[in-house]
file entry-v7.txt (compact mmCIF, C-alpha atoms and all ligand atoms)
# COMPACT_ATOMS: atom_id res chain seq x y z
CA MET A 1 7.85 -5.00 0.98
CA ASN A 2 6.43 -8.50 0.67
CA TYR A 3 2.77 -7.56 0.15
CA ILE A 4 -0.30 -9.76 -0.39
CA GLY A 5 -1.46 -9.31 -3.98
CA SER A 6 1.48 -7.11 -5.02
CA LYS A 7 1.64 -6.72 -8.79
CA HIS A 8 5.41 -6.29 -8.78
CA SER A 9 5.92 -9.43 -10.91
CA LEU A 10 3.11 -8.57 -13.34
CA LEU A 11 4.13 -5.07 -14.36
CA THR A 12 5.08 -5.83 -17.97
CA PHE A 13 1.90 -7.89 -18.46
CA LEU A 14 -0.16 -4.92 -17.20
CA HIS A 15 1.83 -2.35 -19.16
CA GLU A 16 1.69 -4.17 -22.51
CA ASN A 17 -2.01 -4.95 -22.33
CA ILE A 18 -3.11 -1.60 -20.96
CA GLU A 19 -1.29 0.16 -23.80
CA LYS A 20 -2.74 -2.30 -26.33
CA ILE A 21 -6.22 -1.10 -25.37
CA THR A 22 -5.52 2.58 -24.77
CA ALA A 23 -2.87 3.12 -27.46
CA SER A 24 -1.47 5.81 -25.17
CA ASN A 25 2.20 4.78 -25.51
CA SER A 26 2.67 7.02 -28.55
CA LEU A 27 0.90 10.04 -27.06
CA LYS A 28 3.01 13.03 -26.07
CA HIS A 29 0.52 14.06 -23.37
CA LYS A 30 -0.38 10.92 -21.50
CA PRO A 31 -3.74 10.36 -19.82
CA THR A 32 -3.81 10.17 -16.03
CA PHE A 33 -3.29 6.72 -14.52
CA ILE A 34 -5.46 6.23 -11.41
CA ASP A 35 -4.18 3.45 -9.17
CA GLY A 36 -7.35 2.95 -7.11
CA PHE A 37 -6.15 0.17 -4.76
CA ALA A 38 -2.52 1.23 -4.70
CA GLY A 39 -1.04 -0.99 -1.91
CA THR A 40 2.75 -0.78 -2.27
CA GLY A 41 2.36 1.64 -5.19
CA SER A 42 4.27 -0.64 -7.55
CA VAL A 43 1.88 -0.08 -10.47
CA GLY A 44 1.54 3.70 -10.14
CA PHE A 45 5.31 4.02 -9.73
CA TYR A 46 5.86 2.02 -12.93
CA PHE A 47 3.41 4.18 -14.89
CA LYS A 48 4.94 7.37 -13.49
CA ASN A 49 8.26 6.21 -14.91
CA LEU A 50 6.46 5.83 -18.26
CA LYS A 51 5.55 9.54 -17.92
CA TYR A 52 1.88 9.10 -17.04
CA PRO A 53 0.53 11.55 -14.44
CA VAL A 54 -0.48 9.34 -11.51
CA ILE A 55 -3.20 9.47 -8.87
CA ALA A 56 -2.77 6.81 -6.19
CA ASN A 57 -5.35 5.88 -3.57
CA ASP A 58 -5.69 3.28 -0.83
CA ILE A 59 -7.92 2.83 2.21
CA GLN A 60 -4.91 2.05 4.44
CA TYR A 61 -2.83 4.92 5.83
CA TYR A 62 0.51 3.04 5.63
CA SER A 63 -0.14 2.62 1.91
CA PHE A 64 -0.79 6.37 1.62
CA VAL A 65 2.63 6.94 3.26
CA VAL A 66 4.37 4.44 0.97
CA ASN A 67 2.81 6.00 -2.13
CA LYS A 68 3.62 9.56 -1.00
CA GLY A 69 7.22 8.38 -0.53
CA LYS A 70 7.52 6.43 -3.76
CA LEU A 71 6.00 9.17 -5.90
CA PHE A 72 8.11 11.90 -4.24
CA ASN A 73 10.42 13.79 -6.58
CA LEU A 74 13.85 13.20 -5.05
CA THR A 75 16.14 15.81 -6.60
CA GLU A 76 19.94 15.91 -6.27
CA LYS A 77 19.58 18.83 -3.85
CA ASN A 78 17.19 17.17 -1.42
CA LYS A 79 19.03 13.84 -1.78
CA THR A 80 22.01 15.29 0.13
CA LYS A 81 19.77 16.85 2.78
CA LEU A 82 17.76 13.65 3.28
CA GLN A 83 20.85 11.42 3.34
CA ASN A 84 22.25 13.58 6.19
CA ILE A 85 18.97 13.31 8.09
CA LEU A 86 18.90 9.53 7.58
CA ASN A 87 22.48 9.26 8.90
CA ASN A 88 21.46 11.19 12.03
CA LEU A 89 18.35 9.04 12.47
CA ASN A 90 20.42 5.87 12.16
CA ASN A 91 22.66 7.14 14.97
CA ILE A 92 19.82 8.32 17.19
CA LYS A 93 20.35 7.70 20.90
CA ILE A 94 17.93 5.23 22.49
CA PRO A 95 17.18 5.05 26.22
CA ASP A 96 18.00 1.89 28.16
CA ASN A 97 15.47 0.09 30.34
CA SER A 98 16.45 1.97 33.52
CA GLU A 99 15.25 5.24 31.94
CA ILE A 100 11.59 4.23 32.31
CA SER A 101 10.14 7.78 32.09
CA LYS A 102 11.86 8.38 28.75
CA LEU A 103 10.31 5.18 27.43
CA SER A 104 6.72 5.97 28.39
CA ASP A 105 5.84 7.46 24.95
CA PHE A 106 7.55 4.64 23.06
CA PHE A 107 4.47 2.93 21.64
CA VAL A 108 6.19 0.31 19.52
CA TYR A 109 8.55 -0.75 22.29
CA ASN A 110 5.81 -0.84 24.94
CA ASN A 111 3.31 -2.79 22.85
CA TYR A 112 5.13 -4.88 20.27
CA CYS A 113 8.39 -5.87 22.04
CA PRO A 114 9.18 -8.47 24.73
CA THR A 115 10.13 -6.23 27.67
CA GLY A 116 7.84 -3.26 26.92
CA SER A 117 5.47 -2.10 29.67
CA GLY A 118 2.40 -3.57 27.88
CA GLU A 119 1.27 -6.74 29.63
CA LYS A 120 1.36 -9.03 26.60
CA ASN A 121 5.12 -9.07 25.90
CA ARG A 122 4.56 -9.38 22.18
CA MET A 123 7.49 -10.27 19.95
CA TYR A 124 7.01 -8.36 16.69
CA PHE A 125 10.42 -6.69 17.10
CA THR A 126 13.45 -7.00 19.36
CA ASP A 127 13.53 -4.42 22.18
CA LYS A 128 16.36 -2.56 20.52
CA ASN A 129 14.66 -2.32 17.11
CA GLY A 130 11.34 -1.33 18.71
CA LYS A 131 12.95 1.47 20.74
CA LYS A 132 14.90 2.75 17.77
CA CYS A 133 11.77 2.76 15.64
CA ASP A 134 10.01 4.87 18.31
CA ALA A 135 12.91 7.27 18.71
CA ILE A 136 13.02 7.82 14.93
CA ARG A 137 9.24 8.12 14.61
CA ILE A 138 9.09 10.73 17.39
CA GLU A 139 12.03 12.64 15.87
CA LEU A 140 10.26 12.69 12.46
CA ASN A 141 7.31 14.46 14.09
CA ASN A 142 9.72 16.94 15.73
CA LEU A 143 11.46 17.64 12.41
CA LYS A 144 8.12 18.23 10.69
CA ASN A 145 6.66 20.37 13.49
CA SER A 146 9.78 22.56 13.63
CA GLU A 147 9.60 22.89 9.81
CA LYS A 148 13.09 21.45 9.33
CA ILE A 149 11.55 19.14 6.75
CA SER A 150 8.61 19.71 4.39
CA GLU A 151 5.50 17.56 4.48
CA SER A 152 6.67 15.62 1.38
CA GLU A 153 10.08 15.01 2.96
CA PHE A 154 8.33 13.82 6.12
CA PHE A 155 6.35 11.22 4.17
CA TYR A 156 9.44 10.17 2.23
CA LEU A 157 11.42 9.60 5.48
CA LEU A 158 8.48 7.82 7.11
CA TRP A 159 8.34 5.49 4.09
CA CYS A 160 12.07 4.77 4.61
CA LEU A 161 11.25 3.89 8.24
CA LEU A 162 8.37 1.57 7.22
CA GLU A 163 10.55 -0.33 4.75
CA ALA A 164 13.37 -0.64 7.31
CA ILE A 165 11.18 -1.85 10.18
CA ASP A 166 9.37 -4.31 7.89
CA LYS A 167 12.73 -5.95 7.12
CA VAL A 168 13.32 -6.75 10.80
CA ALA A 169 9.75 -7.79 11.67
CA ASN A 170 9.51 -11.13 13.47
CA THR A 171 6.61 -12.48 11.43
CA ALA A 172 6.05 -15.24 8.87
CA SER A 173 5.31 -12.45 6.36
CA VAL A 174 2.26 -10.46 7.48
CA TYR A 175 1.44 -8.95 10.90
CA GLY A 176 -1.54 -11.21 11.68
CA ALA A 177 0.74 -12.92 14.23
CA TYR A 178 4.36 -12.82 15.45
CA LEU A 179 6.72 -15.76 15.78
CA LYS A 180 7.43 -17.30 19.20
CA LYS A 181 11.20 -17.21 18.67
CA PHE A 182 13.13 -14.38 16.99
CA LYS A 183 14.08 -15.38 13.46
CA LYS A 184 17.49 -14.49 12.05
CA SER A 185 16.41 -11.45 10.03
CA ALA A 186 14.52 -10.01 13.04
CA LEU A 187 17.75 -10.03 15.10
CA LYS A 188 19.45 -7.69 12.60
CA HIS A 189 19.58 -4.00 13.52
CA ILE A 190 17.14 -1.65 11.84
CA GLU A 191 18.93 0.56 9.33
CA LEU A 192 17.29 3.30 7.28
CA GLU A 193 18.32 3.64 3.64
CA LEU A 194 17.83 6.38 1.08
CA LEU A 195 15.20 4.73 -1.11
CA GLU A 196 14.94 5.26 -4.81
CA THR A 197 12.01 7.24 -6.16
CA SER A 198 10.72 7.79 -9.67
CA THR A 199 13.04 8.95 -12.42
CA SER A 200 10.26 11.06 -14.00
CA SER A 201 10.64 14.00 -11.68
CA ASN A 202 8.44 16.55 -13.47
CA ILE A 203 5.32 14.36 -13.68
CA LYS A 204 2.22 15.39 -11.72
CA THR A 205 1.16 13.00 -8.96
CA SER A 206 -1.29 13.03 -6.08
CA VAL A 207 -2.15 10.53 -3.36
CA TYR A 208 -5.44 9.95 -1.52
CA ASN A 209 -6.35 7.89 1.53
CA THR A 210 -9.98 6.88 1.22
CA SER A 211 -12.15 4.14 -0.25
CA ILE A 212 -12.14 4.26 -4.03
CA GLU A 213 -15.95 4.03 -4.04
CA LYS A 214 -16.07 7.32 -2.10
CA LEU A 215 -13.38 9.03 -4.14
CA LEU A 216 -15.07 8.32 -7.46
CA GLY A 217 -18.50 9.23 -6.10
CA ASP A 218 -17.24 12.71 -5.18
CA SER A 219 -17.90 15.28 -7.90
CA THR A 220 -15.05 17.45 -6.57
CA PHE A 221 -12.64 14.71 -7.69
CA GLN A 222 -11.79 16.27 -11.04
CA ILE A 223 -9.07 15.39 -13.54
CA SER A 224 -8.21 17.76 -16.39
CA THR A 225 -6.48 15.25 -18.73
CA LYS A 226 -8.66 13.30 -21.20
CA ASN A 227 -9.18 9.55 -21.78
CA ASN A 228 -7.96 8.67 -18.29
CA ILE A 229 -7.21 5.13 -17.11
CA LEU A 230 -8.66 3.69 -13.91
CA TYR A 231 -6.76 0.65 -12.65
CA LEU A 232 -8.46 -1.49 -9.99
CA ASP A 233 -6.56 -4.10 -8.00
CA PRO A 234 -8.87 -4.96 -5.09
CA PRO A 235 -8.44 -7.72 -2.50
CA TYR A 236 -9.71 -10.93 -4.07
CA ASN A 237 -10.62 -13.00 -1.01
CA GLN A 238 -11.94 -12.64 2.57
CA ARG A 239 -8.58 -11.56 4.00
CA GLN A 240 -8.86 -7.92 5.02
CA TYR A 241 -5.63 -5.94 4.71
CA ALA A 242 -6.08 -3.94 7.93
CA PRO A 243 -5.47 -6.83 10.41
CA ASN A 244 -2.60 -8.16 8.30
CA TYR A 245 -0.67 -4.88 8.30
CA HIS A 246 -1.95 -3.28 11.56
CA VAL A 247 1.54 -2.70 12.97
CA LEU A 248 2.59 -0.66 9.91
CA GLU A 249 -0.67 1.31 10.20
CA THR A 250 0.09 2.19 13.82
CA ILE A 251 3.70 3.16 13.13
CA SER A 252 2.47 5.37 10.27
CA LYS A 253 -0.28 7.05 12.26
CA TYR A 254 1.54 6.93 15.61
CA ASP A 255 -1.78 7.72 17.26
CA TYR A 256 -1.43 5.61 20.44
CA PRO A 257 -4.48 3.41 19.69
CA GLU A 258 -6.11 0.98 22.08
CA LEU A 259 -4.93 -2.53 21.17
CA ARG A 260 -6.76 -5.80 21.65
CA GLY A 261 -5.85 -9.42 22.10
CA LYS A 262 -2.73 -11.46 21.84
CA THR A 263 -1.65 -9.93 18.53
CA GLY A 264 -2.40 -6.31 19.53
CA LEU A 265 -4.90 -5.39 16.83
CA ARG A 266 -6.15 -1.83 16.49
CA ASN A 267 -9.79 -1.17 15.62
CA TYR A 268 -10.30 -1.28 11.86
CA THR A 269 -14.08 -1.02 11.48
CA GLU A 270 -13.70 1.97 9.15
CA GLN A 271 -11.23 0.15 6.90
CA LYS A 272 -13.15 -3.03 6.19
CA SER A 273 -13.25 -3.59 2.45
CA GLU A 274 -16.46 -4.57 0.68
CA PHE A 275 -14.25 -6.52 -1.72
CA CYS A 276 -13.56 -9.07 1.02
CA SER A 277 -17.10 -10.41 1.26
CA LYS A 278 -19.00 -12.49 -1.29
CA LYS A 279 -22.19 -10.66 -0.24
CA THR A 280 -20.92 -7.17 -1.09
CA VAL A 281 -18.15 -7.61 -3.68
CA HIS A 282 -20.33 -7.54 -6.83
CA SER A 283 -22.29 -4.47 -5.77
CA ALA A 284 -19.03 -2.75 -4.71
CA LEU A 285 -17.57 -3.25 -8.20
CA GLU A 286 -20.78 -2.15 -9.91
CA ASN A 287 -20.93 0.89 -7.65
CA ILE A 288 -17.44 1.96 -8.80
CA LEU A 289 -18.42 1.72 -12.48
CA GLU A 290 -21.67 3.60 -11.84
CA ASN A 291 -19.83 6.39 -10.03
CA VAL A 292 -17.29 6.69 -12.85
CA LYS A 293 -20.09 6.99 -15.37
CA LYS A 294 -22.09 9.46 -13.23
CA ASN A 295 -19.10 11.79 -12.85
CA ILE A 296 -17.48 11.16 -16.22
CA SER A 297 -17.55 14.84 -17.16
CA TYR A 298 -15.32 15.54 -14.10
CA ASN A 299 -13.05 12.48 -14.02
CA ASN A 300 -12.71 11.98 -17.81
CA ILE A 301 -12.16 8.24 -17.30
CA LYS A 302 -12.40 6.26 -20.53
CA TYR A 303 -10.77 2.92 -19.63
CA ILE A 304 -11.28 0.75 -16.56
CA PHE A 305 -8.96 -2.21 -15.89
CA LEU A 306 -9.43 -4.78 -13.15
CA SER A 307 -6.78 -7.23 -11.95
CA TYR A 308 -8.30 -10.37 -10.48
CA ASN A 309 -7.44 -14.06 -10.37
CA ASN A 310 -9.22 -17.38 -10.78
CA GLU A 311 -9.34 -17.97 -7.01
CA GLY A 312 -11.20 -14.75 -6.17
CA LEU A 313 -14.69 -14.25 -4.73
CA MET A 314 -16.06 -13.11 -8.12
CA SER A 315 -16.03 -15.44 -11.13
CA ASP A 316 -14.63 -14.15 -14.43
CA LYS A 317 -18.13 -14.57 -15.91
CA SER A 318 -19.74 -12.34 -13.27
CA ILE A 319 -17.08 -9.65 -13.79
CA GLN A 320 -17.66 -9.79 -17.53
CA GLU A 321 -21.43 -9.38 -17.00
CA ILE A 322 -20.89 -6.29 -14.85
CA PHE A 323 -18.35 -4.74 -17.25
CA GLU A 324 -20.51 -5.35 -20.33
CA LYS A 325 -23.26 -3.19 -18.82
CA PHE A 326 -20.95 -0.18 -19.13
CA GLY A 327 -19.14 -0.53 -22.46
CA LYS A 328 -16.91 -2.64 -24.68
CA TYR A 329 -15.35 -5.54 -22.77
CA SER A 330 -12.07 -7.42 -23.29
CA VAL A 331 -9.81 -9.62 -21.16
CA PHE A 332 -6.16 -10.77 -20.98
CA THR A 333 -4.79 -13.69 -18.94
CA LYS A 334 -1.47 -14.88 -17.55
CA GLU A 335 -0.39 -17.75 -15.30
CA TYR A 336 1.90 -16.84 -12.43
CA GLY A 337 3.33 -18.15 -9.13
CA ARG A 338 1.23 -18.22 -5.95
CA PHE A 339 1.86 -15.81 -3.04
CA LYS A 340 2.92 -17.95 -0.08
CA ALA A 341 1.76 -16.12 3.07
CA ASP A 342 2.33 -19.12 5.31
CA LYS A 343 2.55 -22.81 4.77
CA THR A 344 -0.30 -23.87 7.07
CA GLU A 345 -2.76 -21.66 5.29
CA ASN A 346 -1.77 -23.03 1.92
CA ARG A 347 -1.67 -26.65 2.97
CA ASN A 348 -4.84 -27.53 1.07
CA HIS A 349 -3.70 -26.01 -2.19
CA THR A 350 -1.95 -28.23 -4.66
CA ALA A 351 -1.71 -25.84 -7.61
CA SER A 352 1.51 -23.85 -7.68
CA SER A 353 0.26 -21.17 -10.04
CA VAL A 354 -2.86 -19.09 -10.49
CA VAL A 355 -4.40 -17.50 -13.56
CA GLU A 356 -4.27 -13.75 -13.44
CA TYR A 357 -6.95 -11.85 -15.37
CA LEU A 358 -6.86 -8.29 -16.62
CA HIS A 359 -10.48 -7.35 -17.35
CA CYS A 360 -11.08 -4.19 -19.32
CA VAL A 361 -13.99 -2.00 -20.27
CA THR A 362 -13.86 0.97 -22.63
CA LEU A 363 -16.63 3.43 -21.74
C1 LIG A 401 -4.27 -6.45 -4.03
S1 LIG A 401 -3.80 -5.10 -3.01
C2 LIG A 401 -3.12 -3.95 -4.15
C3 LIG A 401 -1.71 -4.28 -4.49
C4 LIG A 401 -1.01 -3.24 -5.32
N1 LIG A 401 -1.49 -3.17 -6.68
C5 LIG A 401 0.49 -3.49 -5.31
O1 LIG A 401 1.06 -3.86 -6.36
O2 LIG A 401 1.08 -3.38 -4.24
C6 LIG A 401 -5.33 -4.41 -2.56
C7 LIG A 401 -5.29 -3.07 -1.84
O3 LIG A 401 -6.61 -2.54 -1.80
C8 LIG A 401 -6.77 -1.78 -0.62
N2 LIG A 401 -8.25 -1.62 -0.46
C9 LIG A 401 -9.16 -2.55 -0.09
N3 LIG A 401 -10.40 -2.05 -0.22
C10 LIG A 401 -10.28 -0.79 -0.69
C11 LIG A 401 -11.20 0.22 -1.06
N4 LIG A 401 -12.50 0.01 -0.95
N5 LIG A 401 -10.74 1.39 -1.55
C12 LIG A 401 -9.40 1.61 -1.64
N6 LIG A 401 -8.47 0.68 -1.30
C13 LIG A 401 -8.91 -0.50 -0.83
C14 LIG A 401 -6.04 -2.59 0.42
O4 LIG A 401 -5.67 -1.79 1.51
C15 LIG A 401 -4.83 -3.10 -0.39
O5 LIG A 401 -3.72 -2.26 -0.23

call {"tool": "encode", "arguments": {"input": "entry-v7.txt", "output": "structure tokens"}}
result
Amino acid sequence: MNYIGSKHSLLTFLHENIEKITASNSLKHKPTFIDGFAGTGSVGFYFKNLKYPVIANDIQYYSFVVNKGKLFNLTEKNKTKLQNILNNLNNIKIPDNSEISKLSDFFVYNNYCPTGSGEKNRMYFTDKNGKKCDAIRIELNNLKNSEKISESEFFYLLWCLLEAIDKVANTASVYGAYLKKFKKSALKHIELELLETSTSSNIKTSVYNTSIEKLLGDSTFQISTKNNILYLDPPYNQRQYAPNYHVLETISKYDYPELRGKTGLRNYTEQKSEFCSKKTVHSALENILENVKKNISYNNIKYIFLSYNNEGLMSDKSIQEIFEKFGKYSVFTKEYGRFKADKTENRNHTASSVVEYLHCVTL
């Protein structure tokens, strides 16, 4: 998935420097790696493969689904079962437009496709892809409710659906708007694939769906391993994630929300991030560090890392000042290519690379 702020291309930079500070590469029993702003789960997945127990968390529900899927232990036995289910889902029968009553529950088709019953005739997906997505999504609920699949298998299959529908989305890259004409990739047919999961199948993982401030402030959030690592990768500018990925959120929740406006946004008041406002970002970061310290006897966190870049709302100096209040500070930097969400938005930028910082505090 092409995701704003994904750390996919920075994994070795993160890995090398995190292990430089923690010296945990040589340990037989690794500390827990907490991926607090997990997004696509790329960082947690990488550390799971390095045999670290992983806790992933994100405020968005689609990210919870992706992380549940990615961290799922896909064994040879359930591989065969899930491949058969995926084959059936790929061949699922979809109603045609004359079968109106059968289409009434089809939320994606009705609200995000040109001929759906919603009045806006949005063009996020072709009619055929939208209908197929609905038919599969409804069947996944049936399979789970009839206990033909476990809860973990349900999340794994739903992740496969999210990745497949994202590939045929008719957007520039995020879901803030759809294109007025179907682009080539959006005209392809949606096809579910058996996605790869971690190779470290016996490693403990858990996934949460809340704000990291809340999770760390909760004294029932307890981790038994010692010298744990908290990795923070928050949004770095005003762009909230919820409106940019609202379609994936709705497909994940499938909760028939009320939509507004031309682009069909769902309400996201509860998912606004304090990291997207200059007014609240510093106190939000400080609040996280305070909560870690307050509950240190439960969470056993020793190292906190923060990914941020030179174009973010907080300056590197202000981050350093906050971190130094809590322990020994250090920082690593790397230049890397800019994420191009859309050309119009980037028209004022001339630089083609940004400086990525990895701030660190040892408590
Ligand atoms: C820069 S992205 C993380 C990218 C991720 N490391 C990856 O490689 O895909 C930031 C993420 O933080 C999440 N987020 C924003 N505010 C949050 C909060 N207060 N608590 C937890 N997650 C939050 C967003 O939903 C988004 O997925």

call {"tool": "residues_near_ligand", "arguments": {"input": "entry-v7.txt", "ligand": "ligand LIG 401 (chain A)", "cutoff": "7 Å", "atoms": "only C-alpha atoms and all ligand atoms", "output": "number ranges by chain"}}
result
A: 3-8, 36-43, 57-60, 63, 210-213, 233-235, 241-242, 273-275

call {"tool": "residues_around", "arguments": {"input": "entry-v7.txt", "residues": "Leu248 of chain A", "least_positions_apart": "4", "cutoff": "8 Å", "atoms": "all atoms listed in the file", "output": "VMD selection string"}}
result
chain A and resid 62 162 166 252

call {"tool": "atom_distance", "arguments": {"input": "entry-v7.txt", "atom1": "atom CA of Thr75 of chain A", "atom2": "atom CA of Asn88 of chain A"}}
result
19.9 Å

call {"tool": "closest_residue", "arguments": {"input": "entry-v7.txt", "among": "A:Leu216, A:Tyr61, A:Lys181, A:Leu194", "to": "Thr80 of chain A", "atoms": "all atoms listed in the file"}}
result
A:Leu194

call {"tool": "residues_around", "arguments": {"input": "entry-v7.txt", "residues": "Leu289 of chain A", "least_positions_apart": "6", "cutoff": "10 Å", "atoms": "only C-alpha atoms", "output": "PyMOL selection string"}}
result
chain A and resi 213+216-217+283+304+322-323+325-326+361+363

call {"tool": "closest_residue", "arguments": {"input": "entry-v7.txt", "among": "A:Leu313, A:Ile203, A:Leu27, A:Met1", "to": "Ala169 of chain A", "atoms": "all atoms listed in the file"}}
result
A:Met1

call {"tool": "closest_residue", "arguments": {"input": "entry-v7.txt", "among": "A:Ile319, A:Leu89, A:Val207, A:Val168", "to": "His189 of chain A", "atoms": "all atoms listed in the file"}}
result
A:Val168

call {"tool": "closest_residue", "arguments": {"input": "entry-v7.txt", "among": "A:Leu192, A:Cys113, A:Leu265, A:Ile223", "to": "Phe125 of chain A", "atoms": "all atoms listed in the file"}}
result
A:Cys113

call {"tool": "atom_distance", "arguments": {"input": "entry-v7.txt", "atom1": "atom CA of Tyr336 of chain A", "atom2": "atom CA of Asn310 of chain A"}}
result
11.3 Å

call {"tool": "closest_residue", "arguments": {"input": "entry-v7.txt", "among": "A:Ser219, A:Asn97, A:Thr263, A:Ser200", "to": "Gly176 of chain A", "atoms": "all atoms listed in the file"}}
result
A:Thr263

call {"tool": "residues_around", "arguments": {"input": "entry-v7.txt", "residues": "Asn170 of chain A", "least_positions_apart": "2", "cutoff": "12 Å", "atoms": "only C-alpha atoms", "output": "count of residues only"}}
result
33

call {"tool": "residues_around", "arguments": {"input": "entry-v7.txt", "residues": "Asp218 of chain A", "least_positions_apart": "4", "cutoff": "10 Å", "atoms": "only C-alpha atoms", "output": "ChimeraX atom specification"}}
result
/A:212-214,222,291-292,294-295,298-299

call {"tool": "residues_around", "arguments": {"input": "entry-v7.txt", "residues": "Pro95 of chain A", "least_positions_apart": "5", "cutoff": "9 Å", "atoms": "only C-alpha atoms", "output": "ChimeraX atom specification"}}
result
/A:100,102-103,131,135

call {"tool": "write_last_selection", "arguments": {"input": "entry-v7.txt", "atoms": "C-alpha atoms", "output": "PDB file, in the frame of the given file"}}
result
ATOM      1  CA  ILE A 100      11.590   4.230  32.310  1.00  0.00           C
ATOM      2  CA  LYS A 102      11.860   8.380  28.750  1.00  0.00           C
ATOM      3  CA  LEU A 103      10.310   5.180  27.430  1.00  0.00           C
ATOM      4  CA  LYS A 131      12.950   1.470  20.740  1.00  0.00           C
ATOM      5  CA  ALA A 135      12.910   7.270  18.710  1.00  0.00           C
TER       6      ALA A 135
END

call {"tool": "atom_distance", "arguments": {"input": "entry-v7.txt", "atom1": "atom CA of His15 of chain A", "atom2": "atom CA of Asn300 of chain A"}}
result
20.5 Å

call {"tool": "closest_residue", "arguments": {"input": "entry-v7.txt", "among": "A:Asn287, A:Asn91, A:Gln240, A:Ser24", "to": "Lys272 of chain A", "atoms": "all atoms listed in the file"}}
result
A:Gln240

call {"tool": "residues_near_point", "arguments": {"input": "entry-v7.txt", "point": "(-5.7, -2.0, 12.8)", "cutoff": "7 Å", "atoms": "only C-alpha atoms", "output": "MDAnalysis selection string"}}
result
chainID A and resid 242:243 246 249 265:268

call {"tool": "residues_near_point", "arguments": {"input": "entry-v7.txt", "point": "(-1.8, -2.7, -21.7)", "cutoff": "12 Å", "atoms": "all atoms listed in the file", "output": "ChimeraX atom specification"}}
result
/A:10-25,33,47,229,231,303-307,330-333,358-360

call {"tool": "build_atoms", "arguments": {"input": "entry-v7.txt", "residues": "segment 69-80 of chain A", "atoms": "N, CA, C and O atoms", "output": "mmCIF file, in the frame of the given file"}}
result
data_model
loop_
_atom_site.group_PDB
_atom_site.id
_atom_site.type_symbol
_atom_site.label_atom_id
_atom_site.label_comp_id
_atom_site.auth_asym_id
_atom_site.auth_seq_id
_atom_site.Cartn_x
_atom_site.Cartn_y
_atom_site.Cartn_z
ATOM 1 N N GLY A 69 5.761 8.510 -0.479
ATOM 2 C CA GLY A 69 7.220 8.380 -0.530
ATOM 3 C C GLY A 69 7.704 7.993 -1.915
ATOM 4 O O GLY A 69 8.584 8.617 -2.487
ATOM 5 N N LYS A 70 7.075 6.964 -2.466
ATOM 6 C CA LYS A 70 7.520 6.430 -3.760
ATOM 7 C C LYS A 70 7.331 7.419 -4.894
ATOM 8 O O LYS A 70 8.097 7.445 -5.849
ATOM 9 N N LEU A 71 6.296 8.226 -4.806
ATOM 10 C CA LEU A 71 6.000 9.170 -5.900
ATOM 11 C C LEU A 71 6.663 10.529 -5.672
ATOM 12 O O LEU A 71 6.500 11.452 -6.465
ATOM 13 N N PHE A 72 7.406 10.652 -4.580
ATOM 14 C CA PHE A 72 8.110 11.900 -4.240
ATOM 15 C C PHE A 72 9.200 12.170 -5.268
ATOM 16 O O PHE A 72 9.876 11.251 -5.734
ATOM 17 N N ASN A 73 9.362 13.443 -5.633
ATOM 18 C CA ASN A 73 10.420 13.790 -6.580
ATOM 19 C C ASN A 73 11.723 14.070 -5.831
ATOM 20 O O ASN A 73 11.926 15.163 -5.313
ATOM 21 N N LEU A 74 12.580 13.073 -5.777
ATOM 22 C CA LEU A 74 13.850 13.200 -5.050
ATOM 23 C C LEU A 74 14.882 13.850 -5.978
ATOM 24 O O LEU A 74 15.385 13.208 -6.898
ATOM 25 N N THR A 75 15.168 15.118 -5.745
ATOM 26 C CA THR A 75 16.140 15.810 -6.600
ATOM 27 C C THR A 75 17.542 15.654 -6.001
ATOM 28 O O THR A 75 17.676 15.257 -4.838
ATOM 29 N N GLU A 76 18.566 16.022 -6.774
ATOM 30 C CA GLU A 76 19.940 15.910 -6.270
ATOM 31 C C GLU A 76 20.112 16.752 -5.001
ATOM 32 O O GLU A 76 20.789 16.360 -4.059
ATOM 33 N N LYS A 77 19.421 17.911 -4.997
ATOM 34 C CA LYS A 77 19.580 18.830 -3.850
ATOM 35 C C LYS A 77 18.987 18.213 -2.573
ATOM 36 O O LYS A 77 19.654 18.163 -1.541
ATOM 37 N N ASN A 78 17.740 17.716 -2.667
ATOM 38 C CA ASN A 78 17.190 17.170 -1.420
ATOM 39 C C ASN A 78 17.731 15.778 -1.073
ATOM 40 O O ASN A 78 17.632 15.338 0.056
ATOM 41 N N LYS A 79 18.377 15.124 -2.057
ATOM 42 C CA LYS A 79 19.030 13.840 -1.780
ATOM 43 C C LYS A 79 20.093 14.016 -0.681
ATOM 44 O O LYS A 79 20.155 13.246 0.267
ATOM 45 N N THR A 80 20.930 15.052 -0.846
ATOM 46 C CA THR A 80 22.010 15.290 0.130
ATOM 47 C C THR A 80 21.420 15.604 1.508
ATOM 48 O O THR A 80 21.837 15.048 2.525
#
